[in-house]
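Participant: Would you mind keeping the following structure in view while I ask a few things?
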Amino acid sequence: MAEEELKLIDEKGIRNDGRKFDELRPIKIEAGVLKRADGSAFLEWGENKVMAAVYGPREMHPRHAQDPSRAVVQARYNMAAFSVPDRKRPGPDRRSVEISKLMSEALEEIIFVEHFPRASIDIFVEVLEASAGTRCAALTAASVALADAGIPMSDMIASCAAGKIGGKVVLDLGKKEDNFGQADVPMGMVPTTGKITLLQMDGNLTMEEYKQAMELAMDACKEIYKIQRDALKRRYSTSISTFEETNDMEEE
Amino acid sequence: MAEEELKLIDEKGIRNDGRKFDELRPIKIEAGVLKRADGSAFLEWGENKVMAAVYGPREMHPRHAQDPSRAVVQARYNMAAFSVPDRKRPGPDRRSVEISKLMSEALEEIIFVEHFPRASIDIFVEVLEASAGTRCAALTAASVALADAGIPMSDMIASCAAGKIGGKVVLDLGKKEDNFGQADVPMGMVPTTGKITLLQMDGNLTMEEYKQAMELAMDACKEIYKIQRDALKRRYSTSISTFEETNDMEEE
Amino acid sequence: MAEEELKLIDEKGIRNDGRKFDELRPIKIEAGVLKRADGSAFLEWGENKVMAAVYGPREMHPRHAQDPSRAVVQARYNMAAFSVPDRKRPGPDRRSVEISKLMSEALEEIIFVEHFPRASIDIFVEVLEASAGTRCAALTAASVALADAGIPMSDMIASCAAGKIGGKVVLDLGKKEDNFGQADVPMGMVPTTGKITLLQMDGNLTMEEYKQAMELAMDACKEIYKIQRDALKRRYSTSISTFEETNDMEEE
Amino acid sequence: MKELISKITKDYLFRLIKDGKRLDGRDLLEQRDLDIETGWIGTAEGSARVHLGDTDVIVGIKMDVGEPFPDTPEKGVMITSAELIPMASPKYESGPPREDATELARVVDRGIREGEVMDVKKLCIKKGEKVWLVFVDMHILDFDGNLFDACGIALMAALMNTIVPAERHELGEDYPLPVEHVVVPTTFYKVKDQIMLDVRLEEEMIADARLTVATNENGDIVAMQKGLSGVFEYEETISCIEESKKIGDELRKQLDKIKS
Amino acid sequence: MKELISKITKDYLFRLIKDGKRLDGRDLLEQRDLDIETGWIGTAEGSARVHLGDTDVIVGIKMDVGEPFPDTPEKGVMITSAELIPMASPKYESGPPREDATELARVVDRGIREGEVMDVKKLCIKKGEKVWLVFVDMHILDFDGNLFDACGIALMAALMNTIVPAERHELGEDYPLPVEHVVVPTTFYKVKDQIMLDVRLEEEMIADARLTVATNENGDIVAMQKGLSGVFEYEETISCIEESKKIGDELRKQLDKIKS
Amino acid sequence: MKELISKITKDYLFRLIKDGKRLDGRDLLEQRDLDIETGWIGTAEGSARVHLGDTDVIVGIKMDVGEPFPDTPEKGVMITSAELIPMASPKYESGPPREDATELARVVDRGIREGEVMDVKKLCIKKGEKVWLVFVDMHILDFDGNLFDACGIALMAALMNTIVPAERHELGEDYPLPVEHVVVPTTFYKVKDQIMLDVRLEEEMIADARLTVATNENGDIVAMQKGLSGVFEYEETISCIEESKKIGDELRKQLDKIKS
């Protein structure tokens, strides 16, 4: 977190982009957007554009990496070269490696991995346009793609960040807020149980501020969870109607 | 193709290096020049110097890459660091990867790959000195090396380029013609059947020019085919005479 | 060897750091210093600090690299990034690759490799601080670590360099002597048999100088051998006393 | 990739194609629906997402200022990469084949470069010292065959959509990338002596040979590439070129709509 | 790494921990003996070797002069690497897991960076052109659990021990690295709903979840990282943070002794 | 590499060598026919192709202008690489052993460098800023043993054949590379206590130990390298050095012919 160099929030608590302290950027999710993948989801979150695809359960390769008691969950977080203002070199950097690891661990928690010994469940997330908060967007989209793939899961993870700008705790930092704010707390949770599956923090927070941030983020996760479920419902109803059409055709 | 900056062909149709529009640079081929390889050929084509070696059919490694129904044909085109005016970094660049792929595909066509399930047939071509047209030289030399190795083949591929310089269609571009000409069409074919196994083109050609270029190149391939066969005959007669000498010795 | 630019040895044969021509820098060895490794040794030699660890015999991975008739000995010589005045990039450079190869070959000679078919014996040496003569320090420490691991061996290797500075043959070049001297002869031997297992030389030596250098180094190896044995004795007696204590406890 | 398709499907496809028919009812030389969306990526200087049937690709253009190559001191530089990301196909599980990505990037690049689509001299800032670098990144999201054409069209569309970010580099006002020609590739696949256009993945898997022809608006051929181990007759290449010109004209009409 | 530990040992450990006990008799929130030795590496600008029980790590600091990042022209640069060398554990035989080393380096780095331990502005030599580069290399010699804390403490100690080599670069006299805050991480592991501190390797192997909290001398939280596939309750994170502040104060006392 | 040779051949070779004999009738200390062809590569500044029996290697020299190393500001730089290309041997199928290529390049390089073959000070263009870089690339075409000597001789010949391309870099007229000494390596292999020279591949495969000695025209030793897991007695190293001087003188005569 760089120190603040511009006014990120005014006296009335209104932020640079017009949002209130506890307001999310607009989020849209569409499930089932790719043909080859077993499950997929496309998510727009403010200026972020993220595509998630799921393959599996399928036989794990290489074989020596198989786990005889459970499926191995492998998430890959990747940024497209053109997703950031200064072109990113293709391929994983250390940041992507860390995020991929954290995503794999978080998602493993909700998947019934013991149902699929020796298998792998692969989650690929491509960040096509990035504007602060991509790891939360990626984890949120990945959960929907897993559900779309029909992977047996205990529940879905919703993910969101809170942070501190101009000395105030706010929800869901935007690009400038991320660059010039004082702290960022990306987290992910299962909204129905309150279990925290992802948690990072950097910057400077007192205990009190930490509590405020977490409360904002936990509430937001419930909101995001609804958007995830709505995306799956739309996808499901489309499938149903296609199914009915097919039946109709067969009856003719 | 850079635009023409110097006079590459004069009014009488004579080119910079004294050749006519339909004239090849001198080509020499010698088969069976290496001891360790199963087959080999050394080819000089103008200033180009190219060595080709063949190993196989041999067991394919790694095993998971084996094809249970046929041999895998793997050609590797490699330029020596000192083969070009500005030293080339050792190792494959994108150009070499592409040429290796096209060579592998072209050669697979003429080899009876179904005779050798699970095997690999490896063709290594080293460009020792490069002066325009190395991929045609490489493919031509590789065919001879395959024959020298006794690999069962339907026939040999001869390869040559035609192109456009100073608005005229000519055969077998030299270094300067390649750098400052207007189009290049490297191709490879089985001269006895007319089947085209390699075809690339870059620059700018009308349909009429394309036809002229291909006719020049196809005729040249027949000429090159003779040189290939002569090299094998010389190699064969040497082997025969060695064989006879051996017999003579045994009779003593 | 760069040419001499400063006075490395005076008229009385006293060197820059006060040593005589045939004098080693101080050497200290401690065996059994790491918990996870099967054997280990920490060695200080002048300003050099070297840690050696041994794992094995253990199943060789990958399997296709196993030797059905013997153990494969793999030494890895690695310099820490902070071990030299100008930070070294992590990872093996060509120098480390060469030294690792020579160490593996030298150590293979003294290990009863035929006792452990399909196994690997891995020796890891980390140079933590470097000040001329690290390969000799590494080989000396590795021998002690192998003995500490209980690997069956015919004997230990001691290693030391001699060289030429200011026209004089001297033992165990220091940092400045190495940089500005005229020749360096690192060697390793089994002191009890006189067999030479490591030998390199660079610079400029007459036959006579070579002989003087080798004689100095061979004598020094015997001295180093004592230090190696003392380290193992100290380690052994510690183990014994621990063992006795254990017995005492059991008797209570 | 052949193991992904069963023998029964293969045989069925062979029979269909022999009769000049296709799985989805198209004629052999008929293209799938093409959808081009430009300017889709806000962080890119230019971008296009192309759906060709179910094949889904994104091309993003980033521009930066850098040094020219020593032998072309007055020319901007284009650097083209293709990423066959594992998202796009179950076959890319253990990493997509590097040589496929390389050939794809090089063939698509060749059409644009040799067709002199950009006036690269206009991308010179200071001769021998500073020129514009044009980074082309092609991202394959969903792979249902014929990447060459999908990427070629997407790249052409993205270039037509690109704004040179001069202001950000304190080099005057932003301006559209100087696009002089509209080049599009057309890729033919040969299956059992039948030649077909715009294949889907199953068709691509059983094809013997491939021929890509890129043409410009004058009907000139600017790049060609034969692929796979099958062969073409000389006459077949002539037919493909003729067909390519026709289809190229159709595609150029669609691309011209973007421009305006 | 789980296969390194037998089912019997695992079950035994689970039972112990359930009762709030540990293999070596410690309480769940009790640390092992900590030994910090600084200035150990003569070739480094700063160094520390830390033994945390049998865990043995070395951190070396090298400094050089180089260019700042374009977006922070007035600030020195810290570059942190961790090498999980095969010496440290039998499990690193075929190369230690790259993502583990990456996460370790990044989490330890984050505490120092976000805690503003160094005044990086004082490491600027000439704005936009020349700054001090601080290379941090963490070398794991012996791995008996809890690398995050061992490395975090070693890095903090090494920084407090670092002399900026100004003379060698003809930039005036050498001076101590400007250290403004003392940040230390504390890492909690959760096993079957019990939360424990400073785990040994066997305990680490059976843990469900990990939480690292780094605090400074004011009791502020400067970095956190949850790891592994298990979960934390919100209230558990609060308790960990409170515990971390307490332990951090103890550790800072040990570190302050070094300084003087 | 030992599995390439059958037990019968091995035993036969052992018996022969024990009696001081060899497969091809040579004496133990007799070299194979040596053929040196220089200037073979038109694109290189210097080159040599050496046949030593059936061993066939090419060394090409490329020169460029670049920066000196900071600690030797007045000296040109030589960079040596060896490529054990898969063409050269059936054993290099899945990539030749990297450490073999590295040792080969370093040992050959060491002879030339430590023997001060080139006057590297004459390769300085502007102290601390510009010097000549000498890129040595060794290409092994056919591998029938004893690469150290074949490459060492080829490199020496190539250097003697090298023209510094000053004109191309606008640094005056071209001139021959300043070669001051003629250094050649001689490599001995020890098989069952017999020491032999210039081994063929089968002999190399059963050897216990290897010793390379490089000498200059004054009979000084300039570089040595022992390889493989076998041992040498001190006295054996003395004999090898003496032999190496003799053979070196013979080789220098052959090399001198090239020069004139």
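In the structure tokens, the first chain shown is A, the next is B, and so on; residue numbers restart at 1 for each chain, and ligands run from 1 in the order shown.
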Report as a VMD selection string all protein, DNA and RNA residues lying within 7 Å of Gly152 (chain E), evaluated on only C-alpha atoms, omitting residues in the same chain fewer than 5 positions from it.
Facilitator: chain E and resid 108 184 to 185
Participant: Those same residues - C-alpha atoms - I'd like them written as a PDB file, in the first residue's frame.
Facilitator:
```
ATOM      1  CA  VAL E 108       7.822 -12.804   4.721  1.00  0.00           C
ATOM      2  CA  VAL E 184       7.607  -9.912  13.359  1.00  0.00           C
ATOM      3  CA  PRO E 185       5.281 -12.585  12.075  1.00  0.00           C
TER       4      PRO E 185
END
```
Participant: Near chain C, meaning an atom within 12 Å, which residues of chain B appear when counting only C-alpha atoms? Write them as a list in words.
Facilitator: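 Using only C-alpha atoms, chain B residues at most 12 Å from chain C: His61, Pro62 and Arg63 of chain B.
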Participant: With a distance cut-off of 12 Å and only C-alpha atoms, select the neighbouring residues of Pro92 (chain B), excluding the residue or stretch itself and same-chain residues fewer than 5 positions from it, and output the selection as an NGL selection string.
Facilitator: (:B and (76-81 or 97-101 or 126)) or (:D and (98-99 or 102))
Participant: Could you save the residues just selected, with all heavy atoms, as a CSV table (one decimal), in the first residue's frame?
Facilitator:
```csv
chain,number,residue,atom,x,y,z
B,76,ARG,N,14.2,-32.2,-36.6
B,76,ARG,CA,14.7,-31.0,-35.8
B,76,ARG,C,15.6,-30.2,-36.8
B,76,ARG,O,16.6,-30.7,-37.2
B,76,ARG,CB,15.5,-31.5,-34.6
B,76,ARG,CG,16.0,-30.3,-33.7
B,76,ARG,CD,16.9,-30.7,-32.6
B,76,ARG,NE,18.3,-30.4,-32.9
B,76,ARG,CZ,19.2,-29.8,-32.1
B,76,ARG,NH1,18.8,-29.5,-30.9
B,76,ARG,NH2,20.4,-29.6,-32.5
B,77,TYR,N,15.2,-29.0,-37.0
B,77,TYR,CA,16.0,-28.1,-37.9
B,77,TYR,C,16.7,-27.1,-36.9
B,77,TYR,O,16.1,-26.5,-36.0
B,77,TYR,CB,15.0,-27.3,-38.7
B,77,TYR,CG,15.5,-26.1,-39.4
B,77,TYR,CD1,15.9,-26.1,-40.8
B,77,TYR,CD2,15.6,-24.8,-38.8
B,77,TYR,CE1,16.4,-25.0,-41.4
B,77,TYR,CE2,16.1,-23.7,-39.4
B,77,TYR,CZ,16.5,-23.8,-40.7
B,77,TYR,OH,17.0,-22.7,-41.4
B,78,ASN,N,18.0,-27.1,-37.0
B,78,ASN,CA,18.8,-26.3,-36.1
B,78,ASN,C,19.8,-25.5,-36.8
B,78,ASN,O,20.5,-26.0,-37.7
B,78,ASN,CB,19.5,-27.2,-35.0
B,78,ASN,CG,20.2,-26.4,-33.9
B,78,ASN,OD1,19.6,-25.5,-33.4
B,78,ASN,ND2,21.4,-26.8,-33.7
B,79,MET,N,20.0,-24.2,-36.4
B,79,MET,CA,21.0,-23.4,-37.0
B,79,MET,C,22.2,-23.3,-36.1
B,79,MET,O,22.0,-22.9,-34.9
B,79,MET,CB,20.5,-22.0,-37.4
B,79,MET,CG,19.4,-22.0,-38.4
B,79,MET,SD,18.9,-20.4,-38.9
B,79,MET,CE,20.1,-20.2,-40.2
B,80,ALA,N,23.4,-23.5,-36.6
B,80,ALA,CA,24.6,-23.3,-35.8
B,80,ALA,C,24.7,-21.8,-35.5
B,80,ALA,O,24.3,-21.0,-36.3
B,80,ALA,CB,25.8,-23.9,-36.5
B,81,ALA,N,25.3,-21.6,-34.3
B,81,ALA,CA,25.4,-20.2,-33.9
B,81,ALA,C,26.2,-19.3,-34.9
B,81,ALA,O,26.0,-18.2,-35.1
B,81,ALA,CB,26.2,-20.1,-32.5
B,97,VAL,N,11.3,-23.7,-34.7
B,97,VAL,CA,10.2,-24.6,-34.2
B,97,VAL,C,9.2,-24.8,-35.4
B,97,VAL,O,8.8,-25.9,-35.7
B,97,VAL,CB,9.5,-24.0,-33.0
B,97,VAL,CG1,8.2,-24.7,-32.7
B,97,VAL,CG2,10.4,-24.0,-31.8
B,98,GLU,N,8.9,-23.7,-36.1
B,98,GLU,CA,7.9,-23.8,-37.2
B,98,GLU,C,8.5,-24.7,-38.3
B,98,GLU,O,7.8,-25.6,-38.8
B,98,GLU,CB,7.6,-22.4,-37.8
B,98,GLU,CG,6.5,-22.5,-38.8
B,98,GLU,CD,6.3,-21.2,-39.6
B,98,GLU,OE1,7.2,-20.3,-39.4
B,98,GLU,OE2,5.3,-21.1,-40.3
B,99,ILE,N,9.7,-24.5,-38.7
B,99,ILE,CA,10.3,-25.2,-39.8
B,99,ILE,C,10.4,-26.7,-39.4
B,99,ILE,O,10.1,-27.6,-40.2
B,99,ILE,CB,11.7,-24.7,-40.2
B,99,ILE,CG1,11.5,-23.2,-40.8
B,99,ILE,CG2,12.4,-25.5,-41.2
B,99,ILE,CD1,12.8,-22.5,-41.1
B,100,SER,N,10.8,-27.0,-38.2
B,100,SER,CA,10.9,-28.4,-37.7
B,100,SER,C,9.5,-29.1,-37.8
B,100,SER,O,9.4,-30.2,-38.3
B,100,SER,CB,11.4,-28.4,-36.3
B,100,SER,OG,12.7,-27.9,-36.2
B,101,LYS,N,8.5,-28.4,-37.5
B,101,LYS,CA,7.1,-28.9,-37.6
B,101,LYS,C,6.8,-29.2,-39.0
B,101,LYS,O,6.3,-30.3,-39.4
B,101,LYS,CB,6.1,-27.9,-37.0
B,101,LYS,CG,4.7,-28.4,-36.9
B,101,LYS,CD,3.9,-27.3,-36.2
B,101,LYS,CE,2.5,-27.9,-35.8
B,101,LYS,NZ,1.6,-28.0,-36.9
B,126,GLU,N,21.4,-29.9,-39.3
B,126,GLU,CA,22.1,-28.8,-38.8
B,126,GLU,C,22.5,-27.9,-40.0
B,126,GLU,O,23.2,-28.3,-40.9
B,126,GLU,CB,23.5,-29.3,-38.2
B,126,GLU,CG,23.2,-30.1,-37.0
B,126,GLU,CD,22.7,-29.3,-35.8
B,126,GLU,OE1,23.1,-28.2,-35.6
B,126,GLU,OE2,21.8,-29.9,-35.1
D,98,ARG,N,3.5,-26.7,-27.9
D,98,ARG,CA,4.2,-25.4,-28.1
D,98,ARG,C,4.3,-25.1,-29.6
D,98,ARG,O,4.2,-24.0,-30.1
D,98,ARG,CB,5.6,-25.5,-27.5
D,98,ARG,CG,6.4,-24.3,-27.7
D,98,ARG,CD,7.8,-24.3,-27.0
D,98,ARG,NE,8.6,-23.3,-27.6
D,98,ARG,CZ,9.8,-23.5,-28.2
D,98,ARG,NH1,10.3,-24.7,-28.2
D,98,ARG,NH2,10.5,-22.5,-28.7
D,99,GLU,N,4.6,-26.2,-30.4
D,99,GLU,CA,4.8,-25.9,-31.8
D,99,GLU,C,3.5,-25.5,-32.5
D,99,GLU,O,3.5,-24.7,-33.5
D,99,GLU,CB,5.5,-27.1,-32.6
D,99,GLU,CG,4.7,-28.4,-32.5
D,99,GLU,CD,5.1,-29.2,-31.4
D,99,GLU,OE1,5.6,-28.7,-30.3
D,99,GLU,OE2,5.0,-30.4,-31.5
D,102,THR,N,3.1,-21.8,-31.8
D,102,THR,CA,4.1,-21.1,-32.6
D,102,THR,C,3.7,-21.0,-34.0
D,102,THR,O,3.8,-19.9,-34.6
D,102,THR,CB,5.5,-21.8,-32.5
D,102,THR,OG1,5.9,-21.9,-31.1
D,102,THR,CG2,6.6,-21.1,-33.2
```
Participant: Report the residues of region 24-204 of chain A whose backbone DSSP state falls under alpha helix (DSSP H), written as an MDAnalysis selection string.
Facilitator: chainID A and resid 94:110 134:148 175:180
Participant: Output the contact residues of chain D with respect to chain B at a cut-off of 7 Å, based on only C-alpha atoms, as a list in words.
Facilitator: Glu99, Thr102, Glu103, Glu114, Gly115, Asp220, Ile221, Val222, Ala223, Met224, Gln225, Lys226, Gly227, Leu228, Ser229, Gly230, Val231, Phe232, Glu233 and Tyr234 of chain D
Participant: For the residues in the current selection, export all heavy atoms as a short mmCIF file (atom, residue, chain, number, x, y, z; two decimals), in the first residue's frame.
Facilitator:
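New file selection-v6.cif:
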```cif
data_model
loop_
_atom_site.label_atom_id
_atom_site.label_comp_id
_atom_site.auth_asym_id
_atom_site.auth_seq_id
_atom_site.Cartn_x
_atom_site.Cartn_y
_atom_site.Cartn_z
N GLU D 99 4.56 -26.17 -30.43
CA GLU D 99 4.78 -25.88 -31.84
C GLU D 99 3.47 -25.49 -32.52
O GLU D 99 3.50 -24.74 -33.49
CB GLU D 99 5.47 -27.05 -32.56
CG GLU D 99 4.72 -28.36 -32.54
CD GLU D 99 5.14 -29.23 -31.36
OE1 GLU D 99 5.57 -28.68 -30.33
OE2 GLU D 99 5.03 -30.45 -31.47
N THR D 102 3.14 -21.85 -31.79
CA THR D 102 4.14 -21.11 -32.55
C THR D 102 3.71 -20.98 -34.01
O THR D 102 3.78 -19.89 -34.59
CB THR D 102 5.50 -21.82 -32.46
OG1 THR D 102 5.88 -21.91 -31.09
CG2 THR D 102 6.58 -21.07 -33.24
N GLU D 103 3.26 -22.08 -34.61
CA GLU D 103 2.86 -22.01 -36.01
C GLU D 103 1.66 -21.06 -36.16
O GLU D 103 1.64 -20.22 -37.06
CB GLU D 103 2.51 -23.40 -36.56
CG GLU D 103 2.27 -23.35 -38.08
CD GLU D 103 1.81 -24.67 -38.68
OE1 GLU D 103 1.44 -25.59 -37.91
OE2 GLU D 103 1.82 -24.78 -39.93
N GLU D 114 3.29 -9.44 -44.10
CA GLU D 114 3.60 -9.48 -45.53
C GLU D 114 2.54 -8.74 -46.33
O GLU D 114 2.82 -8.26 -47.42
CB GLU D 114 3.73 -10.94 -45.99
CG GLU D 114 4.83 -11.72 -45.30
CD GLU D 114 6.21 -11.21 -45.63
OE1 GLU D 114 6.38 -10.66 -46.74
OE2 GLU D 114 7.13 -11.33 -44.79
N GLY D 115 1.33 -8.67 -45.79
CA GLY D 115 0.28 -7.92 -46.45
C GLY D 115 0.40 -6.43 -46.20
O GLY D 115 -0.41 -5.65 -46.65
N ASP D 220 -4.66 -9.81 -54.19
CA ASP D 220 -3.30 -10.36 -54.18
C ASP D 220 -3.17 -11.39 -53.06
O ASP D 220 -3.79 -11.26 -52.01
CB ASP D 220 -2.26 -9.26 -53.91
CG ASP D 220 -2.25 -8.21 -55.01
OD1 ASP D 220 -2.66 -8.53 -56.15
OD2 ASP D 220 -1.84 -7.08 -54.71
N ILE D 221 -2.33 -12.39 -53.32
CA ILE D 221 -1.98 -13.35 -52.29
C ILE D 221 -0.83 -12.74 -51.49
O ILE D 221 0.16 -12.29 -52.07
CB ILE D 221 -1.50 -14.68 -52.89
CG1 ILE D 221 -2.34 -15.07 -54.11
CG2 ILE D 221 -1.46 -15.77 -51.85
CD1 ILE D 221 -1.66 -16.08 -55.02
N VAL D 222 -0.93 -12.72 -50.17
CA VAL D 222 0.16 -12.13 -49.39
C VAL D 222 0.84 -13.16 -48.48
O VAL D 222 1.96 -12.95 -48.02
CB VAL D 222 -0.30 -10.92 -48.55
CG1 VAL D 222 -0.84 -9.82 -49.47
CG2 VAL D 222 -1.34 -11.33 -47.52
N ALA D 223 0.17 -14.29 -48.22
CA ALA D 223 0.81 -15.32 -47.41
C ALA D 223 0.08 -16.63 -47.61
O ALA D 223 -1.12 -16.66 -47.86
CB ALA D 223 0.78 -14.94 -45.92
N MET D 224 0.84 -17.72 -47.55
CA MET D 224 0.26 -19.04 -47.64
C MET D 224 1.00 -19.97 -46.68
O MET D 224 2.16 -19.74 -46.38
CB MET D 224 0.39 -19.62 -49.06
CG MET D 224 -0.48 -18.91 -50.10
SD MET D 224 -0.16 -19.54 -51.77
CE MET D 224 -0.83 -21.19 -51.65
N GLN D 225 0.31 -20.99 -46.23
CA GLN D 225 0.95 -22.00 -45.40
C GLN D 225 0.21 -23.31 -45.55
O GLN D 225 -0.99 -23.39 -45.29
CB GLN D 225 0.91 -21.59 -43.91
CG GLN D 225 1.51 -22.61 -42.96
CD GLN D 225 2.94 -22.28 -42.56
OE1 GLN D 225 3.65 -21.55 -43.26
NE2 GLN D 225 3.37 -22.79 -41.45
N LYS D 226 0.95 -24.31 -45.96
CA LYS D 226 0.41 -25.66 -45.97
C LYS D 226 0.80 -26.32 -44.66
O LYS D 226 1.94 -26.14 -44.20
CB LYS D 226 0.99 -26.44 -47.16
CG LYS D 226 0.29 -27.76 -47.48
CD LYS D 226 1.28 -28.91 -47.59
CE LYS D 226 0.87 -30.04 -46.66
NZ LYS D 226 1.91 -31.03 -46.43
N GLY D 227 -0.11 -27.09 -44.06
CA GLY D 227 0.23 -27.81 -42.83
C GLY D 227 -0.26 -29.23 -42.88
O GLY D 227 -0.95 -29.64 -43.82
N LEU D 228 0.11 -29.99 -41.88
CA LEU D 228 -0.23 -31.42 -41.72
C LEU D 228 0.50 -32.27 -42.77
O LEU D 228 1.09 -31.76 -43.71
CB LEU D 228 -1.73 -31.66 -41.80
CG LEU D 228 -2.60 -30.83 -40.83
CD1 LEU D 228 -4.03 -31.30 -40.89
CD2 LEU D 228 -2.05 -30.89 -39.43
N SER D 229 0.41 -33.60 -42.57
CA SER D 229 1.27 -34.47 -43.37
C SER D 229 0.66 -34.86 -44.71
O SER D 229 1.31 -35.48 -45.54
CB SER D 229 1.64 -35.72 -42.58
OG SER D 229 0.49 -36.48 -42.34
N GLY D 230 -0.61 -34.51 -44.96
CA GLY D 230 -1.18 -34.81 -46.25
C GLY D 230 -0.64 -33.90 -47.36
O GLY D 230 0.15 -32.99 -47.09
N VAL D 231 -1.08 -34.15 -48.58
CA VAL D 231 -0.54 -33.40 -49.73
C VAL D 231 -1.65 -32.65 -50.46
O VAL D 231 -2.84 -32.95 -50.32
CB VAL D 231 0.14 -34.36 -50.74
CG1 VAL D 231 1.34 -35.03 -50.09
CG2 VAL D 231 -0.85 -35.39 -51.25
N PHE D 232 -1.24 -31.66 -51.25
CA PHE D 232 -2.15 -31.00 -52.18
C PHE D 232 -1.63 -31.19 -53.59
O PHE D 232 -0.42 -31.26 -53.82
CB PHE D 232 -2.25 -29.49 -51.88
CG PHE D 232 -3.14 -29.16 -50.73
CD1 PHE D 232 -2.61 -29.03 -49.44
CD2 PHE D 232 -4.50 -28.99 -50.91
CE1 PHE D 232 -3.45 -28.73 -48.36
CE2 PHE D 232 -5.33 -28.69 -49.84
CZ PHE D 232 -4.80 -28.56 -48.56
N GLU D 233 -2.56 -31.28 -54.53
CA GLU D 233 -2.18 -31.17 -55.93
C GLU D 233 -2.02 -29.68 -56.25
O GLU D 233 -2.67 -28.84 -55.63
CB GLU D 233 -3.28 -31.74 -56.84
CG GLU D 233 -3.71 -33.16 -56.52
CD GLU D 233 -2.69 -34.18 -56.98
OE1 GLU D 233 -1.89 -33.85 -57.89
OE2 GLU D 233 -2.66 -35.30 -56.42
N TYR D 234 -1.21 -29.41 -57.23
CA TYR D 234 -1.01 -28.02 -57.66
C TYR D 234 -2.35 -27.37 -57.99
O TYR D 234 -2.64 -26.24 -57.58
CB TYR D 234 -0.05 -28.01 -58.86
CG TYR D 234 0.06 -26.70 -59.58
CD1 TYR D 234 0.39 -25.54 -58.90
CD2 TYR D 234 -0.17 -26.63 -60.95
CE1 TYR D 234 0.48 -24.33 -59.57
CE2 TYR D 234 -0.07 -25.43 -61.63
CZ TYR D 234 0.25 -24.28 -60.93
OH TYR D 234 0.35 -23.09 -61.59
#
```
